[in-house]
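Content type mmCIF, C-alpha atoms, from the file model_21.cif:
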data_model
loop_
_atom_site.label_atom_id
_atom_site.label_comp_id
_atom_site.auth_asym_id
_atom_site.auth_seq_id
_atom_site.Cartn_x
_atom_site.Cartn_y
_atom_site.Cartn_z
CA VAL A 697 42.42 32.46 31.98
CA ASN A 698 39.54 30.23 33.12
CA ALA A 699 37.32 33.19 33.98
CA HIS A 700 37.96 36.91 34.49
CA ASP A 701 38.89 36.39 38.16
CA ASP A 702 40.49 32.94 37.83
CA ILE A 703 43.90 32.97 36.15
CA TYR A 704 46.66 30.37 36.37
CA ILE A 705 50.27 30.37 35.17
CA GLU A 706 52.60 27.42 34.73
CA LYS A 707 56.05 27.80 36.22
CA ASP A 708 58.72 25.06 36.30
CA GLY A 709 56.14 22.52 35.13
CA ARG A 710 53.58 23.31 37.84
CA LEU A 711 50.40 25.40 37.71
CA GLN A 712 49.99 28.27 40.17
CA LYS A 713 47.09 30.66 40.69
CA SER A 714 47.93 34.20 39.65
CA GLU A 715 47.22 37.29 41.78
CA VAL A 716 46.36 39.27 38.64
CA THR A 717 42.72 39.32 37.52
CA PHE A 718 40.57 41.01 34.90
CA SER A 719 37.83 43.41 36.02
CA SER A 720 35.04 41.63 34.09
CA ASP A 721 34.19 39.20 31.31
CA ASN A 722 34.01 42.13 28.91
CA ALA A 723 37.62 43.01 29.72
CA VAL A 724 38.69 39.45 28.88
CA MET A 725 36.64 39.61 25.68
CA SER A 726 38.27 42.84 24.54
CA ALA A 727 41.74 41.43 25.35
CA ILE A 728 40.94 38.35 23.22
CA GLU A 729 39.72 40.57 20.36
CA ARG A 730 42.88 42.68 20.55
CA ILE A 731 44.96 39.50 20.32
CA VAL A 732 43.14 37.80 17.45
CA SER A 733 42.10 40.65 15.18
CA PRO A 734 45.68 41.62 14.10
CA LEU A 735 46.16 37.94 13.20
CA GLY A 736 43.32 38.12 10.67
CA ARG A 737 41.03 35.93 12.77
CA ARG A 738 37.70 36.80 14.32
CA ILE A 739 35.82 35.56 17.33
CA ASP A 740 32.08 36.01 17.86
CA GLU A 741 28.97 33.89 18.38
CA SER A 742 29.13 32.50 14.84
CA SER A 743 32.74 31.34 15.33
CA PRO A 744 33.24 31.11 19.10
CA MET A 745 36.62 29.32 18.99
CA VAL A 746 39.94 30.55 17.66
CA ASP A 747 43.39 28.98 17.50
CA ALA A 748 46.24 31.23 16.45
CA ARG A 749 49.92 32.02 16.70
CA LEU A 750 51.39 35.23 18.07
CA LYS A 751 54.34 37.08 16.52
CA ASP A 752 56.75 35.56 19.06
CA GLY A 753 55.58 32.03 18.21
CA SER A 754 53.34 31.58 21.28
CA ARG A 755 50.16 29.59 20.70
CA VAL A 756 46.82 31.17 21.58
CA ASN A 757 43.49 29.45 22.02
CA ALA A 758 40.34 31.37 22.92
CA ILE A 759 36.82 30.05 23.42
CA ILE A 760 33.84 32.17 24.40
CA PRO A 761 30.25 31.70 25.58
CA PRO A 762 27.94 29.95 24.76
CA LEU A 763 30.62 27.23 24.48
CA ALA A 764 32.60 28.31 27.55
CA LEU A 765 30.19 28.34 30.48
CA ARG A 766 32.15 30.50 32.92
CA GLY A 767 32.86 33.31 30.49
CA PRO A 768 35.55 33.90 27.84
CA THR A 769 38.50 31.55 28.30
CA LEU A 770 42.00 32.22 27.02
CA THR A 771 45.01 29.88 26.91
CA ILE A 772 48.47 31.07 25.85
CA ARG A 773 51.31 28.59 25.51
CA LYS A 774 54.67 30.32 25.46
CA PHE A 775 57.94 28.88 24.25
CA ALA A 776 61.33 29.53 25.78
CA LYS A 777 63.20 32.44 24.19
CA LYS A 778 66.39 30.40 24.11
CA LYS A 779 66.46 27.45 21.75
CA LEU A 780 67.17 24.35 23.76
CA THR A 781 70.03 22.07 22.77
CA ALA A 782 70.71 18.43 23.55
CA GLU A 783 73.10 19.59 26.30
CA ASP A 784 70.25 21.51 27.99
CA MET A 785 68.04 18.41 27.81
CA MET A 786 70.79 16.36 29.47
CA ALA A 787 71.19 19.01 32.16
CA TYR A 788 67.43 18.80 32.87
CA GLY A 789 67.76 15.03 33.17
CA SER A 790 65.40 14.43 30.22
CA LEU A 791 67.82 11.93 28.69
CA ASN A 792 71.45 10.83 29.07
CA GLU A 793 74.57 11.13 26.95
CA ALA A 794 74.32 7.67 25.36
CA MET A 795 70.75 8.40 24.25
CA VAL A 796 71.76 11.74 22.72
CA GLU A 797 74.62 10.11 20.84
CA PHE A 798 72.31 7.36 19.59
CA LEU A 799 69.64 9.84 18.42
CA ARG A 800 72.30 11.95 16.70
CA VAL A 801 73.53 8.93 14.71
CA ALA A 802 69.93 7.89 13.94
CA VAL A 803 69.09 11.33 12.53
CA GLU A 804 72.36 11.60 10.58
CA GLN A 805 71.79 8.12 9.14
CA ARG A 806 68.33 9.20 7.91
CA LYS A 807 66.20 6.97 10.10
CA ASN A 808 62.47 7.77 10.19
CA ILE A 809 61.68 8.75 13.78
CA ILE A 810 58.37 9.31 15.54
CA ILE A 811 58.35 11.24 18.80
CA ALA A 812 55.40 10.23 20.97
CA GLY A 813 54.00 11.54 24.21
CA GLY A 814 50.98 13.02 25.94
CA THR A 815 49.90 16.66 25.81
CA GLY A 816 52.55 18.94 27.27
CA SER A 817 55.15 16.18 27.50
CA GLY A 818 57.62 18.21 25.42
CA LYS A 819 57.33 16.47 22.04
CA THR A 820 57.80 19.66 20.02
CA THR A 821 60.79 20.69 22.14
CA LEU A 822 62.42 17.31 21.57
CA LEU A 823 61.64 17.52 17.84
CA ASN A 824 63.38 20.91 17.74
CA VAL A 825 66.41 19.50 19.56
CA MET A 826 66.64 16.45 17.28
CA SER A 827 66.31 18.58 14.16
CA ASN A 828 69.64 20.19 15.14
CA PHE A 829 71.29 16.89 14.19
CA ILE A 830 70.17 17.18 10.54
CA PRO A 831 73.24 17.96 8.38
CA PRO A 832 73.23 21.62 7.26
CA SER A 833 73.57 20.67 3.58
CA GLU A 834 70.07 19.13 3.45
CA ARG A 835 66.83 20.74 2.32
CA VAL A 836 64.27 20.42 5.11
CA ILE A 837 60.55 21.11 4.65
CA THR A 838 58.39 21.50 7.75
CA VAL A 839 54.61 21.11 7.70
CA GLU A 840 52.57 22.22 10.69
CA ASP A 841 49.08 23.02 11.84
CA ALA A 842 50.32 26.10 13.69
CA ALA A 843 54.00 26.83 13.21
CA GLU A 844 55.96 26.23 16.41
CA LEU A 845 59.09 24.49 15.16
CA LYS A 846 62.25 26.57 15.17
CA LEU A 847 64.88 24.80 13.10
CA ASN A 848 68.47 26.05 13.07
CA GLN A 849 69.24 24.63 9.63
CA PRO A 850 70.23 27.06 6.88
CA HIS A 851 68.01 25.44 4.24
CA VAL A 852 64.46 25.22 5.62
CA VAL A 853 61.06 25.80 4.03
CA SER A 854 58.21 26.12 6.54
CA LEU A 855 54.61 25.45 5.55
CA GLU A 856 51.56 26.08 7.72
CA ALA A 857 48.01 24.77 7.31
CA ARG A 858 45.24 27.32 6.88
CA PRO A 859 41.92 27.25 8.75
CA PRO A 860 38.68 28.02 6.89
CA ASN A 861 37.68 31.67 6.49
CA VAL A 862 34.51 33.33 7.81
CA GLU A 863 32.37 31.61 5.15
CA GLY A 864 33.91 28.26 6.09
CA LYS A 865 35.82 28.01 2.81
CA GLY A 866 39.45 28.00 1.77
CA ALA A 867 40.79 25.59 4.41
CA ILE A 868 44.08 23.94 3.46
CA PRO A 869 44.64 20.95 5.75
CA ILE A 870 48.03 19.47 6.66
CA ARG A 871 47.30 16.55 4.37
CA GLU A 872 47.37 18.77 1.25
CA LEU A 873 50.64 20.34 2.41
CA VAL A 874 52.30 16.95 2.95
CA LYS A 875 51.33 15.94 -0.58
CA ASN A 876 52.57 19.25 -1.94
CA CYS A 877 55.90 19.17 -0.13
CA LEU A 878 56.73 15.86 -1.83
CA ARG A 879 56.92 17.93 -5.05
CA MET A 880 59.33 20.42 -3.51
CA ARG A 881 62.41 18.19 -3.64
CA PRO A 882 62.77 17.71 0.11
CA ASP A 883 65.72 15.82 1.58
CA ARG A 884 63.68 15.55 4.76
CA ILE A 885 60.11 16.15 5.76
CA VAL A 886 59.31 17.25 9.30
CA VAL A 887 55.59 17.17 10.19
CA GLY A 888 54.86 19.05 13.42
CA GLU A 889 52.15 16.64 14.48
CA CYS A 890 50.26 13.77 12.83
CA ARG A 891 46.61 13.83 13.88
CA GLY A 892 44.61 12.37 11.01
CA GLY A 893 44.72 11.29 7.40
CA GLU A 894 48.08 12.96 6.79
CA ALA A 895 49.63 9.98 8.59
CA LEU A 896 49.05 7.93 5.43
CA ASP A 897 50.83 10.51 3.25
CA MET A 898 53.63 10.73 5.80
CA LEU A 899 54.07 6.93 5.79
CA GLN A 900 54.01 6.89 1.98
CA ALA A 901 56.71 9.57 1.95
CA MET A 902 58.83 7.61 4.45
CA ASN A 903 58.43 4.52 2.28
CA THR A 904 59.21 6.23 -1.02
CA GLY A 905 62.73 7.41 -0.35
CA HIS A 906 62.17 10.45 1.89
CA ASP A 907 64.19 8.88 4.66
CA GLY A 908 65.12 10.80 7.76
CA SER A 909 61.64 12.22 8.29
CA LEU A 910 60.51 13.28 11.76
CA THR A 911 57.05 13.73 13.22
CA THR A 912 55.21 13.69 16.56
CA VAL A 913 52.16 11.69 17.64
CA HIS A 914 49.96 11.74 20.74
CA ALA A 915 50.39 8.32 22.37
CA ASN A 916 51.24 6.94 25.80
CA SER A 917 53.56 4.09 24.86
CA PRO A 918 55.51 2.89 21.81
CA ARG A 919 52.92 0.13 21.31
CA ASP A 920 50.16 2.78 21.35
CA VAL A 921 51.96 4.67 18.59
CA ILE A 922 51.45 1.79 16.17
CA ALA A 923 47.75 1.54 17.05
CA ARG A 924 47.34 5.33 16.71
CA LEU A 925 49.03 5.33 13.30
CA GLU A 926 46.72 2.54 12.14
CA VAL A 927 43.66 4.54 13.22
CA MET A 928 44.99 7.73 11.57
CA VAL A 929 45.64 5.92 8.29
CA MET A 930 42.03 4.71 8.39
CA MET A 931 40.98 8.35 8.86
CA ALA A 932 42.43 9.01 5.40
CA GLY A 933 39.37 7.18 4.08
CA MET A 934 41.29 4.50 2.22
CA ASP A 935 39.80 1.06 2.62
CA LEU A 936 43.07 -0.66 3.39
CA PRO A 937 43.13 -3.98 5.26
CA ALA A 938 44.71 -3.76 8.72
CA SER A 939 47.52 -6.11 7.67
CA ALA A 940 48.52 -3.77 4.80
CA ILE A 941 48.51 -0.77 7.13
CA ARG A 942 50.70 -2.66 9.59
CA GLU A 943 53.18 -3.57 6.85
CA GLN A 944 53.30 0.11 5.81
CA VAL A 945 53.88 1.29 9.38
CA ALA A 946 56.56 -1.33 10.11
CA SER A 947 58.51 -0.63 6.93
CA ALA A 948 58.21 3.18 7.23
CA VAL A 949 58.96 3.77 10.90
CA ASP A 950 62.44 2.98 12.21
CA LEU A 951 62.44 4.41 15.74
CA ILE A 952 59.90 5.58 18.30
CA VAL A 953 61.05 8.01 21.00
CA GLN A 954 58.57 8.10 23.89
CA GLN A 955 58.56 11.20 26.07
CA SER A 956 56.54 11.41 29.31
CA ARG A 957 55.72 14.09 31.80
CA PHE A 958 55.90 13.02 35.44
CA ALA A 959 53.91 14.17 38.45
CA ASP A 960 56.66 16.59 39.54
CA GLY A 961 56.48 18.43 36.19
CA SER A 962 59.73 16.92 34.88
CA ARG A 963 59.79 15.54 31.35
CA LYS A 964 61.86 12.53 30.41
CA VAL A 965 62.42 10.25 27.45
CA THR A 966 61.11 6.94 28.82
CA HIS A 967 61.67 4.69 25.78
CA ILE A 968 63.73 4.67 22.64
CA THR A 969 62.32 1.73 20.71
CA GLU A 970 63.24 0.20 17.38
CA VAL A 971 60.51 -1.10 15.07
CA THR A 972 61.91 -4.33 13.69
CA GLY A 973 59.18 -5.61 11.34
CA VAL A 974 55.95 -7.59 11.28
CA GLU A 975 55.73 -11.09 12.70
CA SER A 976 52.50 -13.08 12.26
CA GLY A 977 50.43 -9.92 11.86
CA VAL A 978 51.88 -8.05 14.84
CA VAL A 979 54.40 -5.21 14.58
CA SER A 980 57.50 -6.34 16.48
CA MET A 981 59.58 -3.85 18.46
CA GLN A 982 62.54 -3.87 20.78
CA ASP A 983 63.47 -1.28 23.40
CA ILE A 984 66.99 0.13 23.05
CA PHE A 985 66.94 2.57 25.99
CA LEU A 986 64.53 2.83 28.94
CA TYR A 987 63.95 5.09 31.93
CA ARG A 988 63.26 3.16 35.13
CA GLN A 989 61.44 5.11 37.80
CA GLU A 990 62.36 4.15 41.35
CA GLY A 991 60.04 6.38 43.33
CA PHE A 992 60.17 9.94 44.68
CA ASP A 993 62.64 11.80 46.89
CA GLY A 994 61.80 14.02 49.88
CA ASP A 995 60.90 17.01 47.66
CA GLY A 996 58.46 14.97 45.57
CA LYS A 997 60.89 14.81 42.64
CA VAL A 998 60.96 11.67 40.53
CA VAL A 999 63.95 9.38 41.15
CA GLY A 1000 65.11 6.86 38.57
CA HIS A 1001 67.79 6.04 36.03
CA PHE A 1002 68.27 5.57 32.31
CA GLU A 1003 69.52 2.23 31.09
CA ALA A 1004 70.45 0.54 27.83
CA THR A 1005 68.64 -2.77 27.39
CA GLY A 1006 71.64 -4.32 25.66
CA ALA A 1007 69.75 -4.68 22.36
CA VAL A 1008 71.67 -3.26 19.39
CA PRO A 1009 69.52 -1.77 16.61
CA GLN A 1010 69.77 -3.28 13.15
CA PHE A 1011 71.10 -0.13 11.51
CA TYR A 1012 74.08 -0.02 13.91
CA GLU A 1013 74.91 -3.56 12.83
CA ASP A 1014 74.60 -2.48 9.18
CA LEU A 1015 76.90 0.50 9.74
CA ARG A 1016 79.48 -1.71 11.42
CA ALA A 1017 79.22 -4.22 8.55
CA ARG A 1018 79.94 -1.39 6.10
CA GLY A 1019 83.09 -0.55 8.04
CA ILE A 1020 81.79 2.74 9.52
CA GLU A 1021 83.07 3.59 13.00
CA VAL A 1022 80.21 3.41 15.51
CA ASN A 1023 80.38 3.43 19.28
CA MET A 1024 78.85 0.13 20.43
CA GLY A 1025 79.68 0.96 24.06
CA ILE A 1026 76.49 3.01 24.48
CA PHE A 1027 74.35 -0.17 24.41
CA ARG A 1028 76.03 -1.77 27.42
#
Target format structure tokens, applied to this file:
Amino acid sequence: VNAHDDIYIEKDGRLQKSEVTFSSDNAVMSAIERIVSPLGRRIDESSPMVDARLKDGSRVNAIIPPLALRGPTLTIRKFAKKKLTAEDMMAYGSLNEAMVEFLRVAVEQRKNIIIAGGTGSGKTTLLNVMSNFIPPSERVITVEDAAELKLNQPHVVSLEARPPNVEGKGAIPIRELVKNCLRMRPDRIVVGECRGGEALDMLQAMNTGHDGSLTTVHANSPRDVIARLEVMVMMAGMDLPASAIREQVASAVDLIVQQSRFADGSRKVTHITEVTGVESGVVSMQDIFLYRQEGFDGDGKVVGHFEATGAVPQFYEDLRARGIEVNMGIFR
């Protein structure tokens, strides 16, 4: 809702203008108040922005004048009722069978994985799908700004950050929760999204035996992810030299899964990249799987194909050396 008479809905990845309108700005305002007041939040001139979660898990953001110039603005992001599985993602063409098999093994073998992508590229959806691969016997603790993960595991503890109250006190940021969940005997930590100083705590956790952790990051390429993590660690206020941060990142992160949203609204995994270490001060990486775009078809849909680069990740070699059956055919 951009203004009372200007409403858009997203359908199949594309925005369309809606026929439905509100009668006036006051009507939008009362709708916003009806949404946020049962959630224990308030919206007025002293706090003109609100971010909240509805009962069904949808995310709500409202912002009102004087910050919104055209009148009260409301954004609701809904999630599909049905939990998506890896098979659904393959049917949508978001990734192929070899990639799913590889990610399943990576999660089962407790690799630390970062899912990266732009806004609305489907990072949370992919995180939900990948969390299905976590063995049911493990204790999983999720930490989020606004809870949107829906894990199918039997043994899950979900934590959610708390915004400040009306007086501006009592905020509990994600960073505190990440520190706290380390004391809750997690087998795995899943952080909904790393945006700031919690990246340092997340990397520490990954480096101190909490293998198999998953998180998402806003970034446009696997190389960007490393730069973003470095900046976020600096946001933690620790005066660490860049080389130390790089060492931390390279030893903590095993795989980066890059998801992109294309012009036709489709979302695809464009890179699955292994972080191999640090060489002469630069984090070295190798792509394992790529999506190659070849153009558009007559309907404006993206055309392309997934391919394995032929590189075999180190942990597959280790598994094979230990005599564990792994399918090397997916890398050809």
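The set of residues that the PyMOL selection byres ((chain A and resi 819) around 10) takes from this file is A:Ile810, A:Ile811, A:Ala812, A:Gly813, A:Gly814, A:Thr815, A:Gly816, A:Ser817, A:Gly818, A:Thr820, A:Thr821, A:Leu822, A:Leu823, A:Asn824, A:Val825, A:Gly888, A:Glu889, A:Thr911, A:Thr912, A:Val913, A:His914, A:Val953, A:Gln954, A:Gln955, A:Ser956, A:Arg963, A:Val965.
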Write out as JSON, numbers by chain which residues come within 6 Å of A:Ala948 when counting only C-alpha atoms, dropping same-chain ones fewer than 2 positions away.
{"A": [899, 902, 903, 944, 945, 946]}
Output the residue selection produced by the PyMOL selection byres ((chain A and resi 857) around 10) on the file above, formatted as a PDB file with C-alpha atoms, in the coordinates of the input.
ATOM      1  CA  VAL A 839      54.610  21.110   7.700  1.00  0.00           C
ATOM      2  CA  GLU A 840      52.570  22.220  10.690  1.00  0.00           C
ATOM      3  CA  ASP A 841      49.080  23.020  11.840  1.00  0.00           C
ATOM      4  CA  ALA A 842      50.320  26.100  13.690  1.00  0.00           C
ATOM      5  CA  ALA A 843      54.000  26.830  13.210  1.00  0.00           C
ATOM      6  CA  LEU A 855      54.610  25.450   5.550  1.00  0.00           C
ATOM      7  CA  GLU A 856      51.560  26.080   7.720  1.00  0.00           C
ATOM      8  CA  ARG A 858      45.240  27.320   6.880  1.00  0.00           C
ATOM      9  CA  PRO A 859      41.920  27.250   8.750  1.00  0.00           C
ATOM     10  CA  PRO A 860      38.680  28.020   6.890  1.00  0.00           C
ATOM     11  CA  ALA A 867      40.790  25.590   4.410  1.00  0.00           C
ATOM     12  CA  ILE A 868      44.080  23.940   3.460  1.00  0.00           C
ATOM     13  CA  PRO A 869      44.640  20.950   5.750  1.00  0.00           C
ATOM     14  CA  ILE A 870      48.030  19.470   6.660  1.00  0.00           C
ATOM     15  CA  ARG A 871      47.300  16.550   4.370  1.00  0.00           C
ATOM     16  CA  GLU A 872      47.370  18.770   1.250  1.00  0.00           C
ATOM     17  CA  LEU A 873      50.640  20.340   2.410  1.00  0.00           C
ATOM     18  CA  VAL A 874      52.300  16.950   2.950  1.00  0.00           C
TER      19      VAL A 874
END
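When the PyMOL selection byres ((chain A and resi 796-799) around 9) is run on the displayed coordinates, the residues it returns are Ala782, Glu783, Met786, Leu791, Asn792, Glu793, Ala794, Met795, Arg800, Val801, Ala802, Val803, Glu804, Met826, Phe829, Ile968, Asn1023 and Ile1026 of chain A.
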Within 10 Å of A:Lys707, counting all atoms listed in the file, which residues qualify if same-chain residues fewer than 4 places away don't, as a PDB file with C-alpha atoms, keeping the file's coordinate frame?
ATOM      1  CA  LEU A 711      50.400  25.400  37.710  1.00  0.00           C
ATOM      2  CA  GLN A 712      49.990  28.270  40.170  1.00  0.00           C
ATOM      3  CA  GLY A 961      56.480  18.430  36.190  1.00  0.00           C
TER       4      GLY A 961
END
Polymer residues at most 12 Å from stretch 991-996 of chain A, all atoms listed in the file, same-chain spacing of 5 or more positions, as a PyMOL selection string:
chain A and resi 958-962+1001
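Minimum distance to A:Glu970 across A:Ser743, A:Thr771, A:Ser827, A:Asn808 (counting all atoms listed in the file) occurs at A:Asn808.
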Measuring between all atoms listed in the file, which one of A:Met880, A:Val929, A:Ile759, A:Ile1020 shows the shortest distance to A:Met725?
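Closest to A:Met725, using all atoms listed in the file: A:Ile759.
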Check the smallest atom-to-atom distance from each of A:Leu770, A:Asp708, A:Lys751, A:Val999 to A:Glu729 using all atoms listed in the file, then report the winner.
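When distances to A:Glu729 are compared using all atoms listed in the file, the smallest one comes from A:Leu770.
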Distance atom CA of A:Met1024-atom CA of A:Arg806, one decimal place?
18.7 Å
Suppose you want the space between atom CA of A:Gly736 and atom CA of A:Ile705; what is it in Å?
26.6 Å
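Atom to atom, atom CA of A:Thr904 and atom CA of A:Ser947 stand 10.5 Å apart.
Among A:Ala895, A:Val836, A:Cys890, A:Met745, the residue with the shortest atom-to-atom distance to A:Cys877, counting all atoms listed in the file, is A:Val836.
Take the candidates A:Arg773, A:Arg957, A:Arg835, A:Arg891 and check each one against A:Glu926 using all atoms listed in the file; the shortest distance goes to A:Arg891.
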Measuring between only C-alpha atoms, which one of A:Met934, A:Lys778, A:Lys964, A:Glu715 shows the shortest distance to A:Val998?
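Nearest candidate to A:Val998 out of A:Met934, A:Lys778, A:Lys964, A:Glu715: A:Lys964.
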